Amino acid sequence: MEGIFDMTKKPFVDFQGKKVLVSGASSGFGRAICIELSRRGAGLILLGRNEAQLRITAEQVESDDVHLLKLDLTAFSEIYPHIKAISEANGRIYGFCHSAGVVETRPMNAIRIEGLRQMLDVNYLAGIELARAVCRRDVMTEDGGSILFISSVYSHAGAAGQTGYCGSKGALNAAARAMAIELARRRIRVNTLSPGLVRTTMTDEAFSKLSVEQRQKIEDAHPLGIGTPEDVARAAAFMLAPQNRWITGADLVLDGGYLAQ
Amino acid sequence: MKIEEALAWIANVFEEPSDKVNRDTPRDAIQAWDSLGMLTLMSVLDEEFEIFLSEDQVQDMKSVDDILDVLRSHGMLQDG
C-alpha cells in the first residue's frame, strides 16, 4: 500500500532536465512533441532540415536547454558524427523520438521504386540509424534511456494507395520490438506510437490527392473524430517519460477508435 | 595503423572513451564486449579490414591485446 501512496506523490511525467532528441522537429507532430516535452522538463535537441522552421519550434518550446541540429536524414553517414558532436558539447542524451516521416499516396499500378525508397529511407532507415547513434554507450545517459518511433495505424491496417507507407511503418514496429529485446539489458526502452488520422501539413497533402468521398470515409472511420498533434504529443511524452520504466517493445495505438472497429 | 589509432578504433567499436581502452584491458572490463559485442567485432574486422574470424577465434580473445595481435598478424598494425 505504501508504494501506491508514494506513486500519487510523484509526477506522472517529469523529465527532470533529461535531454531528448526529436527528429521532424520543424513541423507537425515533431513540433508539438517538442513543446510538450519542454513543458515536462526535458532539454531538447531539435532535428530537421529546415533551419527557419526549427527556429520557430525553438521559440515555442518552454525550455532554456534547446539545441538545433540541421541535418538531411537521408545522409546516413552524417548522422552519428553529428549526434556524437552535439552530445559531447551539451551532455549525454536520454531519449530519442523519431517523428520525421514522409508519405506518398499512389495506387499499386503507379508505384515508383524511388517513392518507396524515399519512405523507407526517412520513415524507417533514418529512424534506425538515429536510434543506433543515440543508443551508443558514449552518447546515451549511462543509466539507460528511451526511444520512441512515431508509427501509424497504417502499420496495423491497410489502406488503398498506401502500400509503401504501410510497409515503412510496419517495418518500424517490427524493428522496434527487436531493439527493445536487445537493449533491455542496458535499461533502454524502445516503443512505437501509432496515431490514426491527425491534421498536419503532411496529412493535408496526402488528403489533397483523395476524393471528397474518400476523405469523408476516412474521417468517419474515427469514432472520436480526427486527432490533433497535441493528442500525439501527450502520448509521446508518456511513452518517453523516465517514470514509465516498465514499458518496452509496446505499441500505443492512438486513433480515436479507428482500429477498434 | 599505429598502436594509438588501433586502440582508438577498438574503443569506438565498443563505444568506450579512448582513455578507458589500453593494451592490457581485459574483455570483462569492457561492458559492450559481450556475446553481441563479439558479433560486432567479427563484422567490423571483416568489413573494415577484410579479416574473417570464426566465432571460436573471437570467443578465444580475452583482452584488447588479443585484438591487437589479430590486427598485427594481418599486417594492419605497425608497432613502435
# chains A, B, ... in the order shown; residues from 1 in each chain; ligands from 1

$ residues_around --residues "Met76 of chain B" --least-positions-apart "3" --cutoff "8 Å" --atoms "only C-alpha atoms" --output "PyMOL selection string"
chain B and resi 1+49+71-73

$ closest_atom_pairs --of "chain B" --to "chain A" --cutoff "9 Å" --atoms "only C-alpha atoms" --output "Markdown table"
| residue | atom | partner | partner_atom | distance |
| --- | --- | --- | --- | --- |
| B:Asn12 | CA | A:Asp138 | CA | 8.8 |
| B:Phe14 | CA | A:Arg137 | CA | 8.1 |
| B:Glu15 | CA | A:Arg137 | CA | 5.2 |
| B:Glu16 | CA | A:Asp138 | CA | 6.1 |
| B:Pro17 | CA | A:Asp138 | CA | 6.8 |
| B:Ala32 | CA | A:Arg137 | CA | 8.2 |
| B:Leu36 | CA | A:Glu182 | CA | 8.9 |

$ closest_residue --among "A:Thr248, A:Ser63, A:Asn123, A:Ser211" --to "Arg40 of chain A" --atoms "only C-alpha atoms"
A:Ser63

$ atom_distance --atom1 "atom CA of Gly225 of chain A" --atom2 "atom CA of Ala260 of chain A"
13.4 Å

$ residues_around --residues "segment 194-201 of chain A" --least-positions-apart "5" --cutoff "10 Å" --atoms "only C-alpha atoms" --output "ChimeraX atom specification"
/A:27-29,149-156,169,173,206-207,218-219,221-222,225-232,235,251-259

$ write_last_selection --atoms "C-alpha atoms" --output "PDB file, in the first residue's frame"
ATOM      1  CA  SER A  27       6.579  20.860 -38.048  1.00  0.00           C
ATOM      2  CA  GLY A  28       3.539  18.718 -37.248  1.00  0.00           C
ATOM      3  CA  PHE A  29       3.863  16.009 -34.628  1.00  0.00           C
ATOM      4  CA  PHE A 149       9.200   5.812 -33.052  1.00  0.00           C
ATOM      5  CA  ILE A 150       6.125   7.623 -34.312  1.00  0.00           C
ATOM      6  CA  SER A 151       4.493   4.938 -36.436  1.00  0.00           C
ATOM      7  CA  SER A 152       0.912   4.891 -37.725  1.00  0.00           C
ATOM      8  CA  VAL A 153      -2.328   2.924 -37.607  1.00  0.00           C
ATOM      9  CA  TYR A 154      -1.257   2.009 -41.124  1.00  0.00           C
ATOM     10  CA  SER A 155       1.340  -0.282 -39.537  1.00  0.00           C
ATOM     11  CA  HIS A 156      -1.693  -2.360 -38.465  1.00  0.00           C
ATOM     12  CA  LYS A 169       5.673   1.874 -40.734  1.00  0.00           C
ATOM     13  CA  ASN A 173       7.167  -1.529 -35.470  1.00  0.00           C
ATOM     14  CA  ALA A 206      -1.885  13.264 -48.654  1.00  0.00           C
ATOM     15  CA  PHE A 207      -5.583  14.101 -48.348  1.00  0.00           C
ATOM     16  CA  ILE A 218     -11.554   8.153 -43.535  1.00  0.00           C
ATOM     17  CA  GLU A 219     -12.807  10.841 -41.147  1.00  0.00           C
ATOM     18  CA  ALA A 221     -13.800   5.808 -39.599  1.00  0.00           C
ATOM     19  CA  HIS A 222     -12.532   7.597 -36.459  1.00  0.00           C
ATOM     20  CA  GLY A 225     -13.115  12.229 -34.714  1.00  0.00           C
ATOM     21  CA  ILE A 226      -9.684  13.088 -36.068  1.00  0.00           C
ATOM     22  CA  GLY A 227      -6.858  13.862 -33.685  1.00  0.00           C
ATOM     23  CA  THR A 228      -4.601  16.825 -33.079  1.00  0.00           C
ATOM     24  CA  PRO A 229      -0.789  16.988 -32.892  1.00  0.00           C
ATOM     25  CA  GLU A 230      -1.233  17.778 -29.182  1.00  0.00           C
ATOM     26  CA  ASP A 231      -3.007  14.432 -28.650  1.00  0.00           C
ATOM     27  CA  VAL A 232       0.035  12.709 -30.129  1.00  0.00           C
ATOM     28  CA  ALA A 235       1.048  10.257 -25.559  1.00  0.00           C
ATOM     29  CA  ASP A 251       2.897  -0.050 -29.487  1.00  0.00           C
ATOM     30  CA  LEU A 252       0.413   2.521 -28.216  1.00  0.00           C
ATOM     31  CA  VAL A 253      -2.435   2.958 -30.660  1.00  0.00           C
ATOM     32  CA  LEU A 254      -3.877   6.463 -30.551  1.00  0.00           C
ATOM     33  CA  ASP A 255      -6.623   6.637 -33.109  1.00  0.00           C
ATOM     34  CA  GLY A 256      -9.989   7.759 -31.744  1.00  0.00           C
ATOM     35  CA  GLY A 257     -11.252   4.197 -32.095  1.00  0.00           C
ATOM     36  CA  TYR A 258     -10.234   3.622 -35.734  1.00  0.00           C
ATOM     37  CA  LEU A 259      -8.747   0.151 -35.142  1.00  0.00           C
TER      38      LEU A 259
END

$ select_by_dssp --residues "segment 6-173 of chain A" --states "strand (DSSP E)" --output "JSON list (two decimals) with C-alpha atoms, in the first residue's frame"
[["chain", "number", "residue", "atom", "x", "y", "z"],
["A", 19, "LYS", "CA", 17.74, 15.58, -22.99],
["A", 20, "VAL", "CA", 15.58, 14.24, -25.79],
["A", 21, "LEU", "CA", 16.40, 14.37, -29.50],
["A", 22, "VAL", "CA", 13.32, 14.85, -31.70],
["A", 23, "SER", "CA", 13.51, 14.33, -35.46],
["A", 43, "GLY", "CA", 16.04, 19.50, -22.59],
["A", 44, "LEU", "CA", 15.70, 19.31, -26.35],
["A", 45, "ILE", "CA", 17.71, 18.72, -29.48],
["A", 46, "LEU", "CA", 15.56, 19.79, -32.41],
["A", 47, "LEU", "CA", 16.47, 17.87, -35.57],
["A", 48, "GLY", "CA", 15.24, 18.81, -39.02],
["A", 66, "VAL", "CA", 17.43, 23.77, -26.59],
["A", 67, "HIS", "CA", 19.83, 22.97, -29.40],
["A", 68, "LEU", "CA", 19.20, 22.90, -33.13],
["A", 69, "LEU", "CA", 20.58, 20.22, -35.42],
["A", 70, "LYS", "CA", 20.09, 20.82, -39.13],
["A", 95, "GLY", "CA", 15.81, 9.90, -25.29],
["A", 96, "PHE", "CA", 15.03, 9.95, -28.98],
["A", 97, "CYS", "CA", 11.70, 10.42, -30.71],
["A", 98, "HIS", "CA", 11.62, 9.71, -34.44],
["A", 145, "GLY", "CA", 17.13, 5.75, -21.90],
["A", 146, "SER", "CA", 14.04, 5.72, -24.03],
["A", 147, "ILE", "CA", 13.40, 5.51, -27.76],
["A", 148, "LEU", "CA", 10.04, 6.20, -29.38],
["A", 149, "PHE", "CA", 9.20, 5.81, -33.05],
["A", 150, "ILE", "CA", 6.12, 7.62, -34.31]]

$ atom_distance --atom1 "atom CA of Ile56 of chain A" --atom2 "atom CA of Glu36 of chain A"
14.9 Å

$ closest_residue --among "B:Asp24, B:Glu4, B:Asp56, B:Asp65" --to "Met42 of chain B" --atoms "only C-alpha atoms"
B:Asp56

$ residues_around --residues "Gln59 of chain B" --least-positions-apart "6" --cutoff "12 Å" --atoms "only C-alpha atoms" --output "JSON list (two decimals) with N, CA and C atoms, in the first residue's frame"
[["chain", "number", "residue", "atom", "x", "y", "z"],
["B", 27, "ARG", "N", 38.74, -8.31, -21.46],
["B", 27, "ARG", "CA", 37.41, -8.30, -22.08],
["B", 27, "ARG", "C", 36.32, -7.92, -21.09],
["B", 33, "TRP", "N", 31.60, -5.64, -24.69],
["B", 33, "TRP", "CA", 32.25, -6.83, -25.26],
["B", 33, "TRP", "C", 31.59, -8.09, -24.68],
["B", 34, "ASP", "N", 30.31, -8.21, -24.93],
["B", 34, "ASP", "CA", 29.58, -9.40, -24.51],
["B", 34, "ASP", "C", 29.32, -10.26, -25.76],
["B", 35, "SER", "N", 28.33, -11.13, -25.71],
["B", 35, "SER", "CA", 28.11, -12.03, -26.86],
["B", 35, "SER", "C", 27.74, -11.24, -28.12],
["B", 36, "LEU", "N", 26.94, -10.18, -27.96],
["B", 36, "LEU", "CA", 26.60, -9.35, -29.12],
["B", 36, "LEU", "C", 27.82, -8.55, -29.57],
["B", 37, "GLY", "N", 28.62, -8.14, -28.58],
["B", 37, "GLY", "CA", 29.84, -7.39, -28.89],
["B", 37, "GLY", "C", 30.81, -8.21, -29.73],
["B", 38, "MET", "N", 30.85, -9.52, -29.47],
["B", 38, "MET", "CA", 31.71, -10.40, -30.28],
["B", 38, "MET", "C", 31.26, -10.40, -31.74],
["B", 39, "LEU", "N", 29.94, -10.42, -31.93],
["B", 39, "LEU", "CA", 29.42, -10.37, -33.30],
["B", 39, "LEU", "C", 29.76, -9.04, -33.97],
["B", 41, "LEU", "N", 32.38, -7.20, -33.26],
["B", 41, "LEU", "CA", 33.82, -7.25, -33.56],
["B", 41, "LEU", "C", 34.08, -8.06, -34.82],
["B", 42, "MET", "N", 33.41, -9.21, -34.94],
["B", 42, "MET", "CA", 33.58, -10.05, -36.14],
["B", 42, "MET", "C", 33.21, -9.27, -37.40],
["B", 53, "LEU", "N", 37.20, -13.87, -39.09],
["B", 53, "LEU", "CA", 37.48, -14.77, -37.96],
["B", 53, "LEU", "C", 36.25, -15.62, -37.66],
["B", 66, "ASP", "N", 44.71, -9.15, -27.45],
["B", 66, "ASP", "CA", 44.39, -10.23, -28.40],
["B", 66, "ASP", "C", 43.86, -9.65, -29.72],
["B", 67, "ILE", "N", 43.09, -8.56, -29.63],
["B", 67, "ILE", "CA", 42.61, -7.91, -30.86],
["B", 67, "ILE", "C", 43.79, -7.29, -31.61]]
